[in-house]
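Below: my_file_37.cif (mmCIF, C-alpha atoms)
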data_coords
loop_
_atom_site.label_atom_id
_atom_site.label_comp_id
_atom_site.auth_asym_id
_atom_site.auth_seq_id
_atom_site.Cartn_x
_atom_site.Cartn_y
_atom_site.Cartn_z
CA MET X 18 -44.37 -38.86 -34.69
CA THR X 19 -44.60 -42.25 -33.16
CA ASP X 20 -43.15 -44.42 -35.93
CA ASP X 21 -39.41 -44.24 -36.62
CA SER X 22 -40.02 -45.03 -40.30
CA GLU X 23 -41.94 -41.77 -40.87
CA GLN X 24 -40.36 -39.02 -42.93
CA PRO X 25 -38.77 -36.23 -40.85
CA LEU X 26 -40.57 -32.89 -40.89
CA ILE X 27 -37.35 -30.98 -41.62
CA MET X 28 -34.85 -32.09 -44.22
CA THR X 29 -31.33 -31.69 -42.85
CA ALA X 30 -27.94 -32.17 -44.46
CA SER X 31 -25.73 -35.04 -43.36
CA GLU X 32 -22.55 -32.96 -43.30
CA PRO X 33 -21.44 -32.18 -39.72
CA ASP X 34 -20.70 -28.53 -40.58
CA ALA X 35 -24.13 -27.91 -42.16
CA ARG X 36 -25.84 -24.64 -41.21
CA TRP X 37 -29.28 -23.15 -41.70
CA PHE X 38 -29.65 -20.50 -44.40
CA VAL X 39 -32.79 -18.69 -45.47
CA ALA X 40 -33.09 -18.24 -49.21
CA HIS X 41 -34.98 -15.08 -50.12
CA THR X 42 -36.22 -15.93 -53.59
CA ARG X 43 -37.22 -13.84 -56.55
CA PRO X 44 -41.01 -13.44 -56.79
CA ARG X 45 -42.89 -16.74 -57.25
CA CYS X 46 -39.68 -18.81 -57.42
CA GLU X 47 -39.94 -20.75 -54.14
CA LYS X 48 -40.93 -24.09 -55.69
CA LYS X 49 -38.38 -23.73 -58.51
CA LEU X 50 -35.61 -23.14 -55.96
CA LEU X 51 -36.82 -26.16 -53.98
CA GLU X 52 -36.61 -28.28 -57.16
CA HIS X 53 -33.11 -26.90 -57.82
CA CYS X 54 -32.05 -27.95 -54.32
CA VAL X 55 -33.55 -31.43 -54.69
CA ARG X 56 -31.72 -31.92 -58.02
CA ASN X 57 -28.44 -30.94 -56.32
CA GLU X 58 -29.22 -33.05 -53.23
CA PHE X 59 -29.34 -30.04 -50.91
CA ALA X 60 -31.64 -30.23 -47.88
CA ALA X 61 -34.41 -27.67 -48.33
CA THR X 62 -37.72 -27.04 -46.58
CA LEU X 63 -40.64 -25.08 -48.04
CA PRO X 64 -43.63 -24.90 -45.64
CA CYS X 65 -46.82 -24.99 -47.76
CA TYR X 66 -50.53 -24.90 -46.99
CA SER X 67 -53.41 -26.22 -49.08
CA SER X 68 -55.84 -23.85 -50.74
CA ALA X 69 -58.93 -25.21 -52.53
CA HIS X 70 -60.72 -23.34 -55.33
CA LYS X 71 -63.75 -24.35 -57.36
CA TYR X 72 -63.62 -24.04 -61.13
CA ARG X 73 -66.71 -25.06 -63.15
CA GLY X 74 -67.83 -27.50 -60.49
CA LYS X 75 -64.37 -29.00 -59.95
CA THR X 76 -62.40 -28.44 -56.79
CA VAL X 77 -58.71 -27.84 -57.40
CA VAL X 78 -56.27 -27.92 -54.48
CA PHE X 79 -53.16 -25.74 -54.67
CA HIS X 80 -50.15 -25.99 -52.35
CA LYS X 81 -48.95 -22.46 -51.68
CA PRO X 82 -45.87 -21.34 -49.75
CA LEU X 83 -46.82 -20.30 -46.23
CA PHE X 84 -44.01 -17.72 -46.22
CA PRO X 85 -43.92 -16.33 -49.77
CA GLY X 86 -40.40 -15.57 -50.92
CA TYR X 87 -38.58 -17.83 -48.45
CA VAL X 88 -37.08 -21.33 -48.62
CA PHE X 89 -35.19 -22.81 -45.65
CA LEU X 90 -31.90 -24.53 -46.52
CA HIS X 91 -29.64 -26.72 -44.39
CA LEU X 92 -26.28 -26.72 -46.16
CA ALA X 93 -22.60 -27.18 -45.63
CA PRO X 94 -21.08 -23.69 -46.11
CA GLN X 95 -19.19 -24.82 -49.23
CA HIS X 96 -22.52 -25.64 -50.96
CA SER X 97 -23.97 -22.18 -50.37
CA GLN X 98 -22.11 -20.80 -53.40
CA SER X 99 -23.96 -23.17 -55.71
CA VAL X 100 -27.28 -21.86 -54.38
CA ARG X 101 -26.10 -18.23 -54.60
CA GLN X 102 -25.38 -18.70 -58.31
CA SER X 103 -28.99 -19.65 -59.01
CA ASP X 104 -30.98 -17.01 -60.88
CA LEU X 105 -33.94 -17.89 -58.63
CA LEU X 106 -32.35 -16.27 -55.59
CA ALA X 107 -32.60 -12.65 -54.48
CA ASN X 108 -30.43 -13.14 -51.39
CA LEU X 109 -29.09 -15.95 -49.21
CA LEU X 110 -29.37 -15.01 -45.56
CA ASP X 111 -27.06 -16.49 -42.92
CA VAL X 112 -28.89 -17.45 -39.71
CA PRO X 113 -27.04 -16.39 -36.54
CA ASP X 114 -29.17 -18.44 -34.10
CA GLN X 115 -29.34 -21.89 -35.68
CA GLU X 116 -31.21 -23.62 -32.83
CA VAL X 117 -33.97 -21.01 -32.58
CA LEU X 118 -34.67 -21.11 -36.32
CA GLN X 119 -34.81 -24.92 -36.35
CA GLU X 120 -37.13 -25.01 -33.33
CA GLN X 121 -39.46 -22.38 -34.75
CA LEU X 122 -39.50 -23.97 -38.21
CA LEU X 123 -40.29 -27.37 -36.68
CA GLY X 124 -43.22 -25.82 -34.77
CA VAL X 125 -44.66 -24.37 -37.99
CA LEU X 126 -44.21 -27.68 -39.84
CA ARG X 127 -45.87 -29.62 -37.01
CA ALA X 128 -48.84 -27.24 -37.19
CA LEU X 129 -49.12 -27.75 -40.96
CA GLU X 130 -48.92 -31.53 -40.59
CA SER X 131 -51.57 -31.57 -37.83
CA GLY X 132 -54.36 -30.70 -40.25
CA LEU X 133 -55.36 -27.59 -38.30
CA GLU X 134 -56.04 -24.40 -40.26
CA VAL X 135 -52.74 -22.54 -40.57
CA GLN X 136 -52.46 -19.18 -42.30
CA LEU X 137 -49.90 -16.44 -42.77
CA ALA X 138 -49.95 -13.74 -40.10
CA PRO X 139 -47.84 -10.97 -41.65
CA GLU X 140 -48.28 -8.51 -38.80
CA ILE X 141 -47.32 -9.73 -35.35
CA GLY X 142 -48.84 -7.85 -32.44
CA SER X 143 -47.93 -8.11 -28.80
CA GLY X 144 -49.39 -11.02 -26.82
CA THR X 145 -48.65 -13.65 -24.23
CA ARG X 146 -46.04 -16.33 -24.85
CA VAL X 147 -47.71 -19.76 -24.63
CA ARG X 148 -46.97 -23.47 -24.98
CA ILE X 149 -49.53 -25.94 -26.30
CA LYS X 150 -50.22 -28.51 -23.56
CA SER X 151 -51.75 -31.43 -25.47
CA GLY X 152 -52.80 -32.71 -28.85
CA ALA X 153 -50.87 -32.89 -32.11
CA LEU X 154 -48.99 -29.68 -31.31
CA ARG X 155 -48.06 -30.49 -27.70
CA GLY X 156 -44.90 -28.58 -26.73
CA VAL X 157 -45.04 -26.04 -29.57
CA GLU X 158 -44.51 -22.50 -28.29
CA GLY X 159 -45.99 -19.32 -29.70
CA LEU X 160 -47.81 -16.12 -28.89
CA ALA X 161 -51.48 -15.95 -27.99
CA GLU X 162 -52.62 -13.17 -30.27
CA GLU X 163 -55.10 -11.00 -28.34
CA ARG X 164 -56.67 -9.20 -31.28
CA TRP X 165 -58.31 -12.41 -32.56
CA GLY X 166 -59.22 -13.87 -29.19
CA PRO X 167 -57.73 -16.52 -26.94
CA ASP X 168 -57.99 -19.35 -29.47
CA ILE X 169 -55.32 -18.13 -31.90
CA VAL X 170 -51.64 -18.97 -31.47
CA VAL X 171 -48.95 -17.29 -33.54
CA LEU X 172 -45.99 -19.49 -34.51
CA ARG X 173 -43.10 -17.17 -35.27
CA LEU X 174 -40.05 -17.40 -37.47
CA ASP X 175 -38.25 -14.44 -35.94
CA PHE X 176 -35.37 -14.47 -38.40
CA ILE X 177 -37.60 -13.53 -41.35
CA SER X 178 -40.06 -11.47 -39.26
CA GLN X 179 -42.98 -13.63 -40.34
CA ALA X 180 -45.48 -15.82 -38.55
CA ALA X 181 -48.29 -18.29 -39.06
CA THR X 182 -51.44 -18.66 -36.98
CA VAL X 183 -53.22 -21.79 -35.84
CA ARG X 184 -56.65 -21.99 -34.18
CA ILE X 185 -56.60 -23.96 -30.96
CA GLY X 186 -58.73 -23.90 -27.83
CA ALA X 187 -57.53 -21.70 -24.99
CA ASP X 188 -57.90 -24.64 -22.61
CA LEU X 189 -54.97 -26.32 -24.41
CA LEU X 190 -52.60 -23.42 -23.73
CA GLU X 191 -50.36 -22.69 -20.77
CA VAL X 192 -48.52 -19.44 -20.13
CA ILE X 193 -44.72 -19.73 -20.12
#
So, in terms of structure tokens, how does the structure I just supplied come out?
Amino acid sequence: MTDDSEQPLIMTASEPDARWFVAHTRPRCEKKLLEHCVRNEFAATLPCYSSAHKYRGKTVVFHKPLFPGYVFLHLAPQHSQSVRQSDLLANLLDVPDQEVLQEQLLGVLRALESGLEVQLAPEIGSGTRVRIKSGALRGVEGLAEERWGPDIVVLRLDFISQAATVRIGADLLEVI
């Protein structure tokens, strides 16, 4: 982001004691919980990807949650009770390592914003830890996933044991 007037990738709360929580939603309730948070002025992030389908000659674009069942909340602890009382929530998970979650979530959001193809990678295999050297994702760290070849990087959200993949040339990666 080069312009200070651009919207931030991650919505964060203004309260100094705000913490990251991961809302594990009931099935297909991610967008409803996001709307609930917006109505209550809670900072919430729902990474989504675009999926296009053709129906009778028309192309319809859907925005689907990249991590089904999860919404990322940045709340003051006293506001967590309001979210817990929502019937859209299965569980509200406290995040022990706040910085790691924020860094990993920002990497996933930067990949989505870049326009590159990003998709859910539910099973994470072993690979080499890499950092992207240049381009829209410069500085984002992930795992080079060997089973798909050297041009796939896995961007992890360790706390929820999920990941997304992005295709990028091996020449743009450096081992860390």
With a cut-off of 7 Å, could you pull out the residues of segment 70-171 of chain X touching segment 40-56 of chain X and give me the nearest pair of atoms for each, distance in Å to one decimal, using only C-alpha atoms, ordered by chain and ascending number, as CSV?
residue,atom,partner,partner_atom,distance
X:Gly86,CA,X:Thr42,CA,5.0
X:Tyr87,CA,X:His41,CA,4.8
X:Val88,CA,X:Ala40,CA,5.1
X:Phe89,CA,X:Ala40,CA,6.2
X:Leu90,CA,X:Ala40,CA,6.9
X:Leu105,CA,X:Arg43,CA,5.6
X:Leu106,CA,X:Thr42,CA,4.4
X:Ala107,CA,X:Thr42,CA,5.0
X:Asn108,CA,X:His41,CA,5.1
X:Leu109,CA,X:Ala40,CA,4.6
X:Leu110,CA,X:Ala40,CA,6.1
Gap from atom CA of Ser131 of chain X to atom CA of Arg148 of chain X - Å, one decimal
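These two atoms are separated by 15.9 Å.
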Any idea what the distance is between atom CA of Ser151 of chain X and atom CA of Leu189 of chain X?
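Value for the atom CA of Ser151 of chain X-atom CA of Leu189 of chain X distance: 6.1 Å.
Counting from atom CA of Leu137 of chain X, the distance to atom CA of Ser99 of chain X is 29.8 Å.
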Find, counting all atoms listed in the file, the residue in X:Tyr66, X:Phe59, X:Trp37, X:Phe176 that gets nearest to Leu126 of chain X.
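Closest to Leu126 of chain X of all the choices is X:Tyr66.
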Pick from X:Pro85, X:Pro33, X:Gly156, X:Gly74: nearest to Ile177 of chain X, with only C-alpha atoms counted?
X:Pro85
For the file shown, report as a PyMOL selection string the outcome of the PyMOL selection byres ((chain X and resi 173) around 9) at residue level.
chain X and resi 121-122+124-125+141+158-160+171-172+174-182
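Polymer residues near (-45.5, -32.9, -41.2): counting only C-alpha atoms with a cut-off of 12 Å, they are Met18, Glu23, Gln24, Pro25, Leu26, Ile27, Met28, Thr62, Leu63, Pro64, Cys65, Tyr66, Leu122, Leu123, Gly124, Val125, Leu126, Arg127, Ala128, Leu129, Glu130, Ser131, Gly132, Leu133, Ala153 and Leu154 of chain X.
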